[in-house]
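Asks: Next up, structure-v8.txt (compact mmCIF, C-alpha atoms).
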```txt
# COMPACT_ATOMS: atom_id res chain seq x y z
CA MET A 1 2.11 23.71 5.06
CA SER A 2 1.41 25.43 8.37
CA GLU A 3 -1.96 23.62 8.64
CA GLN A 4 -0.27 20.25 8.24
CA GLN A 5 2.45 21.12 10.75
CA SER A 6 -0.06 22.30 13.36
CA GLY A 7 -2.02 19.06 12.88
CA ALA A 8 1.15 17.05 13.41
CA GLU A 9 1.88 18.96 16.62
CA ALA A 10 -1.63 18.18 17.92
CA ALA A 11 -1.37 14.45 17.14
CA PRO A 12 -0.92 12.05 20.05
CA PRO A 13 2.50 10.49 20.68
CA VAL A 14 3.46 7.99 18.00
CA PRO A 15 3.08 4.44 19.41
CA LEU A 16 6.02 2.07 19.25
CA PRO A 17 5.89 -1.71 18.74
CA PRO A 18 6.82 -4.05 21.60
CA SER A 19 10.53 -4.26 22.24
CA GLY A 20 12.38 -7.34 21.03
CA ALA A 21 12.28 -9.13 17.73
CA GLU A 22 9.81 -11.90 18.54
CA ARG A 23 6.04 -11.74 18.32
CA ASP A 24 4.97 -11.47 21.94
CA PRO A 25 1.17 -11.30 22.45
CA GLU A 26 1.45 -9.90 25.96
CA ALA A 27 3.87 -7.14 24.97
CA THR A 28 1.78 -6.40 21.88
CA ALA A 29 -1.42 -6.12 23.91
CA GLU A 30 0.26 -3.77 26.38
CA ALA A 31 1.56 -1.62 23.52
CA LEU A 32 -1.95 -1.47 22.04
CA ALA A 33 -3.35 -0.53 25.46
CA ASP A 34 -0.83 2.32 25.65
CA ALA A 35 -1.91 3.47 22.18
CA VAL A 36 -5.57 3.40 23.25
CA ALA A 37 -4.73 5.45 26.33
CA ALA A 38 -3.01 8.00 24.07
CA GLY A 39 -6.10 8.26 21.88
CA TRP A 40 -5.19 6.07 18.93
CA SER A 41 -7.77 3.92 17.12
CA CYS A 42 -6.18 0.48 16.57
CA VAL A 43 -7.09 -2.17 14.01
CA VAL A 44 -5.64 -5.70 14.21
CA THR A 45 -6.06 -7.95 11.18
CA VAL A 46 -5.01 -11.54 10.48
CA GLY A 47 -4.46 -12.80 6.95
CA VAL A 48 -6.03 -16.17 6.03
CA PRO A 49 -6.38 -17.86 2.60
CA LEU A 50 -9.73 -19.03 1.23
CA CYS A 51 -10.66 -21.64 -1.43
CA SER A 52 -14.00 -22.36 -3.06
CA ASP A 53 -15.40 -24.35 -5.95
CA GLY A 54 -18.39 -22.04 -6.22
CA THR A 55 -20.54 -24.17 -3.91
CA ASP A 56 -18.49 -24.89 -0.80
CA ALA A 57 -15.78 -22.74 0.82
CA TRP A 58 -12.72 -23.78 2.82
CA PHE A 59 -10.19 -21.73 4.74
CA GLY A 60 -6.63 -22.70 3.86
CA SER A 61 -4.49 -23.13 0.75
CA GLY A 62 -5.93 -25.79 -1.56
CA THR A 63 -4.17 -27.68 -4.33
CA TYR A 64 -4.47 -26.02 -7.73
CA ASP A 65 -3.72 -27.37 -11.18
CA PRO A 66 -0.09 -26.36 -11.89
CA PHE A 67 -1.00 -25.73 -15.53
CA SER A 68 -4.08 -23.68 -14.67
CA GLU A 69 -3.95 -21.92 -11.33
CA ARG A 70 -7.65 -21.20 -11.61
CA THR A 71 -8.59 -24.87 -11.23
CA LEU A 72 -8.96 -26.17 -7.68
CA LEU A 73 -7.96 -29.84 -7.65
CA ALA A 74 -8.37 -30.52 -3.92
CA PRO A 75 -9.62 -28.38 -1.02
CA PRO A 76 -7.28 -27.80 1.93
CA GLU A 77 -7.36 -30.11 4.90
CA GLY A 78 -7.21 -27.04 7.11
CA LEU A 79 -5.08 -24.02 7.84
CA SER A 80 -1.31 -24.37 7.81
CA ALA A 81 0.56 -24.47 11.11
CA GLU A 82 1.71 -20.91 10.45
CA GLY A 83 -1.84 -19.78 9.73
CA GLU A 84 -3.00 -21.34 12.97
CA SER A 85 -0.16 -19.56 14.76
CA ASP A 86 -1.26 -16.19 13.35
CA LEU A 87 -4.81 -16.66 14.63
CA ARG A 88 -3.66 -17.93 18.04
CA PHE A 89 -1.38 -14.90 18.34
CA ALA A 90 -4.28 -12.52 17.60
CA GLN A 91 -6.53 -14.44 20.00
CA ALA A 92 -3.93 -14.14 22.76
CA VAL A 93 -3.63 -10.39 22.09
CA ALA A 94 -7.42 -10.01 22.30
CA GLU A 95 -7.66 -12.03 25.52
CA ARG A 96 -4.82 -10.07 27.10
CA LEU A 97 -6.48 -6.79 26.12
CA ASN A 98 -9.71 -7.98 27.76
CA ALA A 99 -7.79 -8.67 30.97
CA LEU A 100 -5.95 -5.33 31.00
CA PRO A 101 -7.51 -2.22 32.56
CA VAL A 102 -7.60 -0.49 29.16
CA THR A 103 -8.75 3.10 29.56
CA GLY A 104 -8.56 6.02 27.23
CA PRO A 105 -10.31 7.65 24.28
CA GLY A 106 -8.96 5.15 21.74
CA SER A 107 -10.25 1.72 20.75
CA VAL A 108 -9.17 -1.63 19.25
CA ALA A 109 -10.99 -3.49 16.46
CA PHE A 110 -10.18 -6.91 14.95
CA SER A 111 -10.68 -8.20 11.42
CA LEU A 112 -9.84 -11.12 9.12
CA SER A 113 -8.10 -10.31 5.85
CA VAL A 114 -9.28 -13.11 3.56
CA PHE A 115 -7.11 -13.82 0.50
CA ASP A 116 -9.13 -15.38 -2.29
CA GLY A 117 -7.31 -14.43 -5.48
CA LYS A 118 -7.17 -17.86 -7.14
CA MET A 119 -10.71 -18.55 -6.03
CA VAL A 120 -11.94 -15.39 -7.74
CA HIS A 121 -10.10 -16.36 -10.93
CA GLY A 122 -11.64 -19.82 -10.83
CA ILE A 123 -15.31 -19.17 -10.01
CA GLY A 124 -15.70 -15.54 -11.09
CA ARG A 125 -16.41 -12.34 -9.20
CA ALA A 126 -20.17 -12.76 -8.88
CA ALA A 127 -19.86 -16.25 -7.41
CA ALA A 128 -17.04 -15.08 -5.12
CA ARG A 129 -19.19 -12.28 -3.76
CA ARG A 130 -21.94 -14.80 -2.98
CA VAL A 131 -19.39 -16.90 -1.06
CA HIS A 132 -18.23 -13.79 0.79
CA ALA A 133 -21.80 -12.89 1.76
CA ARG A 134 -22.46 -16.38 3.11
CA ILE A 135 -19.31 -16.34 5.25
CA ALA A 136 -19.97 -12.85 6.65
CA ALA A 137 -23.61 -13.75 7.40
CA ALA A 138 -22.81 -17.03 9.22
CA PRO A 139 -19.12 -17.05 10.18
CA GLU A 140 -19.55 -19.86 12.73
CA ASP A 141 -20.55 -22.21 9.90
CA PHE A 142 -17.31 -21.61 7.98
CA LEU A 143 -14.53 -20.48 10.32
CA PRO A 144 -11.87 -23.07 11.26
CA PRO A 145 -11.36 -23.70 15.00
CA ALA A 146 -8.53 -21.20 15.47
CA ALA A 147 -10.46 -18.43 13.68
CA LEU A 148 -13.59 -19.34 15.61
CA ALA A 149 -11.66 -18.97 18.88
CA LEU A 150 -10.60 -15.46 17.79
CA TYR A 151 -14.21 -14.71 16.78
CA HIS A 152 -15.42 -15.50 20.30
CA ALA A 153 -12.44 -13.82 21.99
CA VAL A 154 -13.56 -10.49 20.47
CA ASP A 155 -17.23 -11.09 21.38
CA LYS A 156 -18.10 -11.83 17.74
CA ARG A 157 -17.13 -8.28 16.75
CA LEU A 158 -14.85 -9.55 13.98
CA ALA A 159 -14.93 -7.74 10.63
CA PHE A 160 -14.28 -9.55 7.35
CA ASP A 161 -12.27 -8.04 4.50
CA PHE A 162 -12.02 -9.96 1.24
CA SER A 163 -9.19 -9.28 -1.17
CA LEU A 164 -11.65 -8.95 -4.04
CA ASN A 165 -12.55 -5.55 -2.59
CA TYR A 166 -8.97 -4.37 -2.09
CA ARG A 167 -8.36 -3.62 -5.75
CA LYS A 168 -11.16 -1.05 -5.91
CA LEU A 169 -9.78 0.80 -2.89
CA GLY A 170 -6.21 0.64 -4.18
CA ASP A 171 -7.26 1.81 -7.65
CA ARG A 172 -8.94 4.88 -6.18
CA PHE A 173 -5.88 5.70 -4.11
CA VAL A 174 -3.45 5.53 -7.03
CA ASP A 175 -5.90 7.27 -9.36
CA ARG A 176 -5.99 10.10 -6.85
CA LEU A 177 -2.19 10.22 -6.79
CA ARG A 178 -2.06 10.40 -10.57
CA SER A 179 -4.68 13.15 -10.63
CA GLU A 180 -2.52 15.26 -8.31
CA VAL A 181 0.11 15.84 -11.00
CA ARG A 182 -1.04 17.08 -14.40
CA PRO A 183 1.77 18.78 -16.32
CA ILE A 184 1.14 19.87 -19.89
CA THR A 185 4.62 19.11 -21.21
CA PRO A 186 5.88 15.53 -20.85
CA SER A 187 8.98 14.83 -18.77
CA LEU A 188 8.82 18.17 -16.94
CA PHE A 189 7.67 18.57 -13.36
CA THR A 190 5.13 21.23 -12.42
CA GLY A 191 3.95 23.08 -9.35
CA ARG A 192 1.62 20.23 -8.43
CA LEU A 193 4.36 17.62 -8.53
CA ILE A 194 6.65 19.93 -6.55
CA ASP A 195 3.96 20.50 -3.90
CA LEU A 196 3.44 16.75 -3.60
CA PHE A 197 7.19 16.21 -3.26
CA LEU A 198 7.73 18.94 -0.65
CA GLU A 199 4.81 17.73 1.49
CA THR A 200 5.31 13.97 1.26
CA GLY A 201 8.75 13.25 -0.22
CA CYS A 202 7.05 11.14 -2.91
CA VAL A 203 7.93 11.40 -6.61
CA PRO A 204 5.52 9.73 -9.08
CA LEU A 205 7.40 8.42 -12.13
CA ARG A 206 6.88 6.16 -15.10
CA ARG A 207 9.25 3.81 -16.90
CA VAL A 208 8.80 3.65 -20.68
CA ASP A 209 9.82 0.79 -22.97
CA GLU A 210 11.44 2.40 -26.00
CA SER A 211 11.64 -0.92 -27.85
CA GLN A 212 7.98 -0.57 -28.78
CA ARG A 213 7.21 1.26 -32.02
CA ILE A 214 4.84 3.56 -30.15
CA PRO A 215 5.64 3.14 -26.45
CA GLY A 216 2.64 2.64 -24.23
CA MET A 217 1.98 4.10 -20.82
CA GLY A 218 4.82 2.15 -19.29
CA GLN A 219 5.12 1.31 -15.60
CA VAL A 220 3.92 3.78 -13.00
CA LEU A 221 6.37 4.06 -10.11
CA CYS A 222 6.56 6.04 -6.91
CA ALA A 223 9.87 6.82 -5.21
CA THR A 224 10.22 8.07 -1.65
CA PRO A 225 13.23 8.87 0.55
CA ASN A 226 12.85 5.40 2.09
CA THR A 227 12.77 3.50 -1.20
CA LEU A 228 16.05 5.07 -2.35
CA SER A 229 18.58 2.69 -0.85
CA VAL A 230 21.11 3.96 1.65
CA GLY A 231 23.83 1.53 2.69
CA ARG A 232 23.43 1.97 6.42
CA ARG A 233 19.69 1.32 6.19
CA VAL A 234 19.76 -1.69 3.91
CA GLY A 235 22.34 -3.50 6.03
CA GLY A 236 20.15 -3.64 9.13
CA LEU A 237 16.91 -4.79 7.54
CA SER A 238 15.16 -8.01 8.47
CA PRO A 239 14.40 -10.34 5.56
CA LEU A 240 10.89 -10.69 6.97
CA ASP A 241 9.83 -7.08 6.67
CA GLY A 242 9.78 -6.74 2.88
CA ARG A 243 11.95 -3.63 2.69
CA GLY A 244 15.18 -5.12 1.37
CA ARG A 245 13.65 -6.29 -1.92
CA ILE A 246 12.46 -2.75 -2.69
CA GLN A 247 15.46 -0.82 -1.47
CA THR A 248 17.91 -2.98 -3.40
CA GLY A 249 15.68 -3.35 -6.47
CA SER A 250 14.15 -0.64 -8.64
CA GLU A 251 14.44 1.92 -5.80
CA ALA A 252 10.76 2.79 -6.33
CA VAL A 253 7.45 1.09 -5.68
CA THR A 254 6.06 -0.28 -8.96
CA LEU A 255 2.28 0.23 -9.23
CA THR A 256 1.45 -0.94 -12.76
CA ASN A 257 2.68 -3.36 -15.39
CA GLU A 258 4.17 -2.18 -18.69
CA SER A 259 0.72 -1.46 -20.10
CA GLY A 260 -0.41 0.72 -17.22
CA ALA A 261 -2.68 -1.87 -15.53
CA TYR A 262 -2.51 -1.90 -11.73
CA ILE A 263 -0.72 -4.81 -10.06
CA CYS A 264 -0.50 -6.48 -6.66
CA GLU A 265 1.11 -3.54 -4.86
CA VAL A 266 -2.12 -1.63 -5.45
CA THR A 267 -4.06 -4.53 -3.89
CA ALA A 268 -1.81 -4.24 -0.82
CA ILE A 269 -2.58 -0.51 -0.62
CA GLY A 270 -6.29 -1.33 -0.73
CA ARG A 271 -5.81 -3.81 2.09
CA LEU A 272 -4.43 -1.10 4.37
CA LEU A 273 -7.23 1.26 3.38
CA ALA A 274 -9.77 -1.46 4.25
CA MET A 275 -8.17 -1.74 7.67
CA LEU A 276 -8.40 2.01 8.17
CA ALA A 277 -12.11 1.84 7.38
CA HIS A 278 -12.62 -0.20 10.57
CA ALA A 279 -11.09 2.51 12.76
CA PRO A 280 -13.85 4.52 14.47
CA ASP A 281 -13.78 8.13 13.37
CA ARG A 282 -12.66 10.61 15.99
CA ALA A 283 -13.55 14.27 16.06
CA ASP A 284 -10.18 15.19 17.57
CA GLY A 285 -8.27 13.82 14.57
CA SER A 286 -6.19 11.38 16.62
CA GLY A 287 -4.17 8.71 14.84
CA VAL A 288 -4.91 5.24 13.49
CA LEU A 289 -2.65 2.27 14.19
CA THR A 290 -2.94 -0.80 11.97
CA LEU A 291 -1.37 -4.12 12.98
CA SER A 292 -1.05 -6.87 10.33
CA VAL A 293 -0.50 -10.40 11.64
CA LEU A 294 1.07 -12.38 8.78
CA ASN A 295 3.28 -15.33 7.96
CA THR A 296 5.36 -15.79 4.84
CA ARG A 297 4.50 -19.47 4.31
CA ASP A 298 0.90 -19.24 3.09
CA PRO A 299 0.88 -18.18 -0.59
CA GLY A 300 -1.53 -15.26 -0.25
CA ASN A 301 0.14 -14.02 2.91
CA HIS A 302 3.58 -14.32 1.34
CA LYS A 303 2.63 -12.09 -1.56
CA ILE A 304 0.88 -9.48 0.58
CA GLN A 305 3.68 -9.50 3.16
CA ARG A 306 6.23 -8.93 0.42
CA MET A 307 4.39 -5.73 -0.45
CA SER A 308 3.14 -4.65 2.96
CA TRP A 309 6.05 -2.34 3.62
CA ALA A 310 5.71 -0.68 0.20
CA ALA A 311 1.97 -0.18 0.72
CA GLY A 312 2.52 1.15 4.24
CA GLU A 313 5.16 3.57 3.00
CA LEU A 314 2.88 5.05 0.36
CA VAL A 315 -0.29 5.11 2.46
CA THR A 316 1.32 6.71 5.52
CA ALA A 317 3.14 9.26 3.34
CA LEU A 318 0.38 10.14 0.89
CA LEU A 319 -2.92 9.71 2.73
CA PRO A 320 -2.75 13.00 4.70
CA HIS A 321 -1.95 14.84 1.46
CA LEU A 322 -4.52 13.21 -0.83
CA ARG A 323 -7.23 13.45 1.85
CA PRO A 324 -10.33 12.51 -0.18
CA ASP A 325 -13.54 12.88 1.80
CA SER A 326 -14.09 9.14 2.21
CA TRP A 327 -10.65 8.54 3.77
CA SER A 328 -9.36 9.61 7.12
CA ARG A 329 -6.98 12.57 7.39
CA ARG A 330 -5.70 11.20 10.66
CA PRO A 331 -2.04 10.21 11.17
CA VAL A 332 -1.42 6.57 10.28
CA VAL A 333 1.13 4.15 11.76
CA HIS A 334 1.47 0.58 10.50
CA TRP A 335 2.87 -2.40 12.38
CA ALA A 336 3.45 -5.85 10.90
CA ALA A 337 3.91 -8.94 13.08
CA VAL A 338 5.53 -11.39 10.63
CA THR A 339 6.90 -14.92 10.93
CA ASP A 340 8.41 -17.43 8.51
CA GLY A 341 7.72 -20.36 10.83
CA ARG A 342 11.18 -20.24 12.41
CA THR A 343 11.81 -16.62 13.36
CA SER A 344 9.47 -13.69 13.89
CA SER A 345 9.69 -9.93 13.87
CA VAL A 346 7.56 -6.90 14.58
CA VAL A 347 8.08 -4.03 12.16
CA SER A 348 6.83 -0.45 12.49
CA SER A 349 6.43 2.32 9.93
CA THR A 350 7.53 4.88 12.55
CA PRO A 351 11.27 4.80 11.66
CA ASP A 352 10.35 5.30 8.01
CA ALA A 353 8.13 8.26 8.89
CA VAL A 354 10.95 9.77 10.94
CA ALA A 355 13.45 9.28 8.10
CA ARG A 356 11.01 10.83 5.63
CA GLN A 357 10.43 13.86 7.87
CA GLU A 358 14.20 14.30 8.38
CA PHE A 359 14.70 14.28 4.62
CA LEU A 360 11.96 16.87 4.10
CA ALA A 361 13.17 19.05 6.97
CA ASP A 362 16.68 19.09 5.50
CA LEU A 363 15.34 19.93 2.05
CA ARG A 364 13.15 22.76 3.36
CA ALA A 365 16.10 24.15 5.34
CA ARG A 366 18.20 24.23 2.17
CA ILE A 367 15.39 26.03 0.37
CA ARG A 368 15.02 28.61 3.16
CA ARG A 369 18.74 29.35 3.08
CA ALA A 370 18.64 30.07 -0.66
CA ASP A 371 19.07 33.76 -1.42
CA SER A 372 16.89 33.96 -4.54
CA PRO A 373 13.76 32.35 -6.02
CA ARG A 374 15.86 31.02 -8.89
CA ARG A 375 18.20 29.25 -6.47
CA ARG A 376 15.25 27.73 -4.60
CA GLU A 377 13.89 26.38 -7.86
CA GLU A 378 17.29 24.91 -8.70
CA ILE A 379 17.45 23.07 -5.36
CA VAL A 380 14.06 21.43 -5.86
CA ALA A 381 14.72 20.66 -9.53
CA GLY A 382 18.09 19.15 -8.70
CA GLU A 383 16.65 16.90 -6.00
CA LEU A 384 13.84 15.70 -8.26
CA GLU A 385 16.26 14.97 -11.07
CA ARG A 386 18.61 13.13 -8.70
CA ILE A 387 15.76 10.85 -7.61
CA ARG A 388 14.60 10.27 -11.19
CA ALA A 389 18.15 9.42 -12.29
CA ARG A 390 18.68 7.01 -9.39
CA VAL A 391 15.50 5.11 -10.22
CA GLN A 392 16.47 4.96 -13.89
CA ASN A 393 20.03 3.83 -13.13
CA ALA A 394 18.71 1.08 -10.85
CA ASP A 395 16.92 -0.56 -13.78
CA PRO A 396 19.24 -3.24 -15.23
CA ASP A 397 17.81 -2.55 -18.70
CA GLY A 398 18.27 1.20 -18.31
CA ALA A 399 14.71 1.93 -19.46
CA PRO A 400 13.95 5.67 -19.56
CA VAL A 401 12.18 7.03 -16.48
CA LEU A 402 10.05 10.18 -16.81
CA PHE A 403 7.99 12.21 -14.40
CA LEU A 404 4.35 11.15 -14.15
CA TYR A 405 1.72 13.57 -15.28
CA GLY A 406 -1.79 12.61 -14.33
CA PRO A 407 -4.88 10.90 -15.78
CA GLY A 408 -4.05 11.81 -19.39
CA ASP A 409 -0.73 10.00 -19.21
CA ILE A 410 -2.21 6.88 -20.78
CA ASP A 411 -1.87 8.63 -24.15
CA SER A 412 1.01 6.56 -25.50
CA ARG A 413 2.69 9.34 -27.49
CA ARG A 414 2.62 11.83 -24.64
CA ALA A 415 3.80 9.17 -22.19
CA ALA A 416 6.81 8.64 -24.45
CA GLY A 417 7.46 12.37 -24.85
CA LEU A 418 6.61 12.34 -28.57
CA PRO A 419 4.98 15.28 -30.35
CA ALA A 420 1.25 15.12 -31.03
CA ARG A 421 0.09 13.73 -34.36
CA ASP A 422 -1.51 16.00 -36.94
CA ASP A 423 -4.67 13.89 -36.81
CA ASP A 424 -5.17 14.41 -33.08
CA HIS A 425 -8.41 16.02 -32.05
CA GLY A 426 -7.21 19.61 -32.21
CA PRO A 427 -6.22 21.98 -29.45
CA ALA A 428 -7.76 21.77 -26.02
CA PRO A 429 -9.23 24.88 -24.38
CA ASP A 430 -5.91 25.59 -22.68
CA GLY A 431 -4.12 25.66 -26.04
CA THR A 432 -2.56 22.22 -25.77
CA THR A 433 -3.40 19.22 -27.89
CA ALA A 434 -6.34 17.31 -26.46
CA ARG A 435 -5.35 14.07 -24.79
CA VAL A 436 -6.97 10.99 -26.27
CA PRO A 437 -6.85 7.75 -24.21
CA ASP A 438 -4.84 4.99 -25.78
CA ALA A 439 -7.26 2.17 -26.62
CA THR A 440 -4.47 -0.38 -26.43
CA VAL A 441 -3.99 0.05 -22.68
CA GLU A 442 -5.21 -2.99 -20.77
CA PRO A 443 -8.00 -2.52 -18.23
CA SER A 444 -7.16 -2.95 -14.59
CA CYS A 445 -7.02 -6.66 -13.76
CA PHE A 446 -7.38 -8.43 -10.42
CA LEU A 447 -4.09 -9.87 -9.30
CA ASN A 448 -3.57 -11.26 -5.85
```
Represent the structure of the file as structure tokens.

Replies:
Amino acid sequence: MSEQQSGAEAAPPVPLPPSGAERDPEATAEALADAVAAGWSCVVTVGVPLCSDGTDAWFGSGTYDPFSERTLLAPPEGLSAEGESDLRFAQAVAERLNALPVTGPGSVAFSLSVFDGKMVHGIGRAAARRVHARIAAAPEDFLPPAALALYHAVDKRLAFDFSLNYRKLGDRFVDRLRSEVRPITPSLFTGRLIDLFLETGCVPLRRVDESQRIPGMGQVLCATPNTLSVGRRVGGLSPLDGRGRIQTGSEAVTLTNESGAYICEVTAIGRLLAMLAHAPDRADGSGVLTLSVLNTRDPGNHKIQRMSWAAGELVTALLPHLRPDSWSRRPVVHWAAVTDGRTSSVVSSTPDAVARQEFLADLRARIRRADSPRRREEIVAGELERIRARVQNADPDGAPVLFLYGPGDIDSRRAAGLPARDDDHGPAPDGTTARVPDATVEPSCFLN
């Protein structure tokens, strides 16, 4: 814990988004310049939809068969007005940054986040990757005018991220989370889960459907102090920032469907990780600031925006703890500049990080004041159980919610808390019954 605290003390000041509710390119550019001066690596990305019939590609939302979303009936005439606005906003930010005397150890990179979910369904992954390669190799042949203007405003240093790649990154992130907690006995938390909770405030859970004869894995959830609704917080939330739906819903971020297959929230996590990959590595461990420019009118953007706060909450909370070698251990702050075509807002993850740290500081203070190890255990156990119960009570169907326990939790009987069968494969080396994967669990599917 001391290592993490000392790292936090050495981190540069946390940048704040431009004041005011509206998306202001000049104020945003100045805020990014301040972050660069403080040593932060900044990544600005704009979400745009993509259509293809396997031969040609078009940016924009095409017309799909309502009875088969995989069938493209007509290509788009161009980007929507909101999509154009997103690109013009990013272009204005880039041009303002070029005009400012930006000095400091940090940097700013720009990228396009290309949503191609229906396209991938329609033409297949291999064909989609060929389309991606053609666009990245010759962007000037494919980019619409507004995107081309951004491309030139950043001196052609524009990275391309395709949503087909987000799932792989998100899968790895959630797999790592699940591998962090491996209790032997179902429904009981262990030292690993407690360590994760005390360092991040996150509690991995799963919701099991008891109506099944042998319940499957169920839904994997993750609750944090900011997903548990508090009246004073919910009341002041903007409908554009995506928080209200989570905080007044299941009170936890849902990561899988009922069968344990990863869903769109994991894609959104992968999107943030892809943005982080564009941030130049820094030996001093300074922070990374990601800025998503989105609108809620384009279908792909609408879905990703709905989940962007959930993904940001989990990535900023968990990434320093999971710290796999291929991901940065640097502090992460996420901004989202969102519009619905009428009103706009700029949202920052900083207030959520502050609320999370206040929650953890209060919990640690209660633990320090405890006069015995048994009392300290009771405080942690009580808090974990309170969170589990709140998530369970928030489900209108009242489905049981249990603590998550790692990669072996796809065993349907263990996930449901049932005793092992006599025909299982005998005891494992640690004396427990060996976990056998449930063959009925669906493989991860691409949903965007």

Asks: Find the residues around Ala274 (chain A) up to 10 Å (only C-alpha atoms counted), leave out those fewer than 6 positions away in its own chain, and share them as number ranges by chain.

Replies: A: 111, 113, 160-163, 165-166, 169-170, 268

Asks: From the set A:Leu150, A:Pro373, A:Gly191, A:Pro105, which residue has the shortest atom-to-atom contact distance to Val36 (chain A), counting all atoms listed in the file?

Replies: A:Pro105

Asks: In Å, how far is it from CA of Ala94 (chain A) to CA of Val333 (chain A)?

Replies: 19.6 Å

Asks: For region 337-374 of chain A against region 382-405 of chain A, with a cut-off of 12 Å and counting all atoms listed in the file, what is the closest atom pair and its distance in Å to one decimal for every residue that makes the cut, ordered by chain and number, as CSV?

Replies:
```
residue,atom,partner,partner_atom,distance
A:Phe359,CA,A:Glu383,CA,11.1
A:Leu360,CA,A:Glu383,CA,11.1
A:Asp362,CA,A:Glu383,CA,11.7
A:Leu363,CA,A:Glu383,CA,8.7
A:Arg364,CA,A:Glu383,CA,11.6
A:Arg366,CA,A:Glu383,CA,11.1
A:Ile367,CA,A:Glu383,CA,11.2
```

Asks: What would the file look like if the residues just selected were written as a tab-separated table (two decimals), keeping the file's coordinate frame with C-alpha atoms?

Replies:
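Now in part.tsv:
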```tsv
chain	number	residue	atom	x	y	z
A	359	PHE	CA	14.70	14.28	4.62
A	360	LEU	CA	11.96	16.87	4.10
A	362	ASP	CA	16.68	19.09	5.50
A	363	LEU	CA	15.34	19.93	2.05
A	364	ARG	CA	13.15	22.76	3.36
A	366	ARG	CA	18.20	24.23	2.17
A	367	ILE	CA	15.39	26.03	0.37
```

Asks: Kindly indicate which residue among A:Gly78, A:Pro13, A:Pro101, A:Gly60 lies nearest to Glu30 (chain A), using all atoms listed in the file for the distances.

Replies: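 Among the listed residues, the smallest separation from Glu30 (chain A) belongs to A:Pro101.
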
Asks: Kindly extract all protein, DNA and RNA residues lying within 8 Å of the coordinates (8.7, -19.9, 10.4) given in the file, considering only C-alpha atoms, and supply them as a ChimeraX atom specification.

Replies: /A:82,295-297,339-344

Asks: Between A:Asp171, A:Glu180, A:Asp195, A:Glu251, which has the minimum distance to Gly270 (chain A) (counting all atoms listed in the file)?

Replies: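 Smallest separation from Gly270 (chain A) among the options: A:Asp171.
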
Asks: Can you work out which one of A:Ala57, A:Ala147, A:Leu196, A:Met119 has the shortest atom-to-atom distance to Phe89 (chain A), counting all atoms listed in the file?

Replies: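 Counting all atoms listed in the file, the residue closest to Phe89 (chain A) is A:Ala147.
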
Asks: Here is a test: counting only C-alpha atoms, which residue of A:Val208, A:Ala149, A:Cys222, A:Ala38 is nearest to Arg178 (chain A)?

Replies: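 Of A:Val208, A:Ala149, A:Cys222, A:Ala38, the one nearest Arg178 (chain A) is A:Cys222, counting only C-alpha atoms.
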
Asks: Tell me which protein, DNA and RNA residues are within 12 Å of Ala136 (chain A), counting all atoms listed in the file, leaving out same-chain ones fewer than 5 positions away, and put them as an MDAnalysis selection string.

Replies: chainID A and resid 111:112 114 129:131 141:143 151 156:162

Asks: Taking (-2.1, 3.0, -9.9) in the file's own coordinates, collect the residues within 9 Å, counting all atoms listed in the file, and hand them back as a CSV table (one decimal) with C-alpha atoms, in the coordinates of the input.

Replies:
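The new file selection.csv reads:
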```
chain,number,residue,atom,x,y,z
A,170,GLY,CA,-6.2,0.6,-4.2
A,171,ASP,CA,-7.3,1.8,-7.6
A,172,ARG,CA,-8.9,4.9,-6.2
A,173,PHE,CA,-5.9,5.7,-4.1
A,174,VAL,CA,-3.4,5.5,-7.0
A,175,ASP,CA,-5.9,7.3,-9.4
A,176,ARG,CA,-6.0,10.1,-6.8
A,177,LEU,CA,-2.2,10.2,-6.8
A,178,ARG,CA,-2.1,10.4,-10.6
A,220,VAL,CA,3.9,3.8,-13.0
A,221,LEU,CA,6.4,4.1,-10.1
A,254,THR,CA,6.1,-0.3,-9.0
A,255,LEU,CA,2.3,0.2,-9.2
A,256,THR,CA,1.4,-0.9,-12.8
A,260,GLY,CA,-0.4,0.7,-17.2
A,261,ALA,CA,-2.7,-1.9,-15.5
A,262,TYR,CA,-2.5,-1.9,-11.7
A,263,ILE,CA,-0.7,-4.8,-10.1
A,265,GLU,CA,1.1,-3.5,-4.9
A,266,VAL,CA,-2.1,-1.6,-5.4
```

Asks: Calculated over all atoms listed in the file, which of the candidates A:Gln357, A:Leu205, A:Pro225, A:Leu164 has the smallest distance to Leu193 (chain A)?

Replies: A:Leu205

Asks: So how many Å separate CA of Ala92 (chain A) and CA of Leu32 (chain A), to one decimal?

Replies: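 Taking CA of Ala92 (chain A) and CA of Leu32 (chain A), their separation equals 12.8 Å.
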
Asks: For CA of Val43 (chain A) and CA of Arg271 (chain A), determine how far apart the two atoms are, in Å to one decimal place.

Replies: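 Computed distance, CA of Val43 (chain A) to CA of Arg271 (chain A), equals 12.1 Å.
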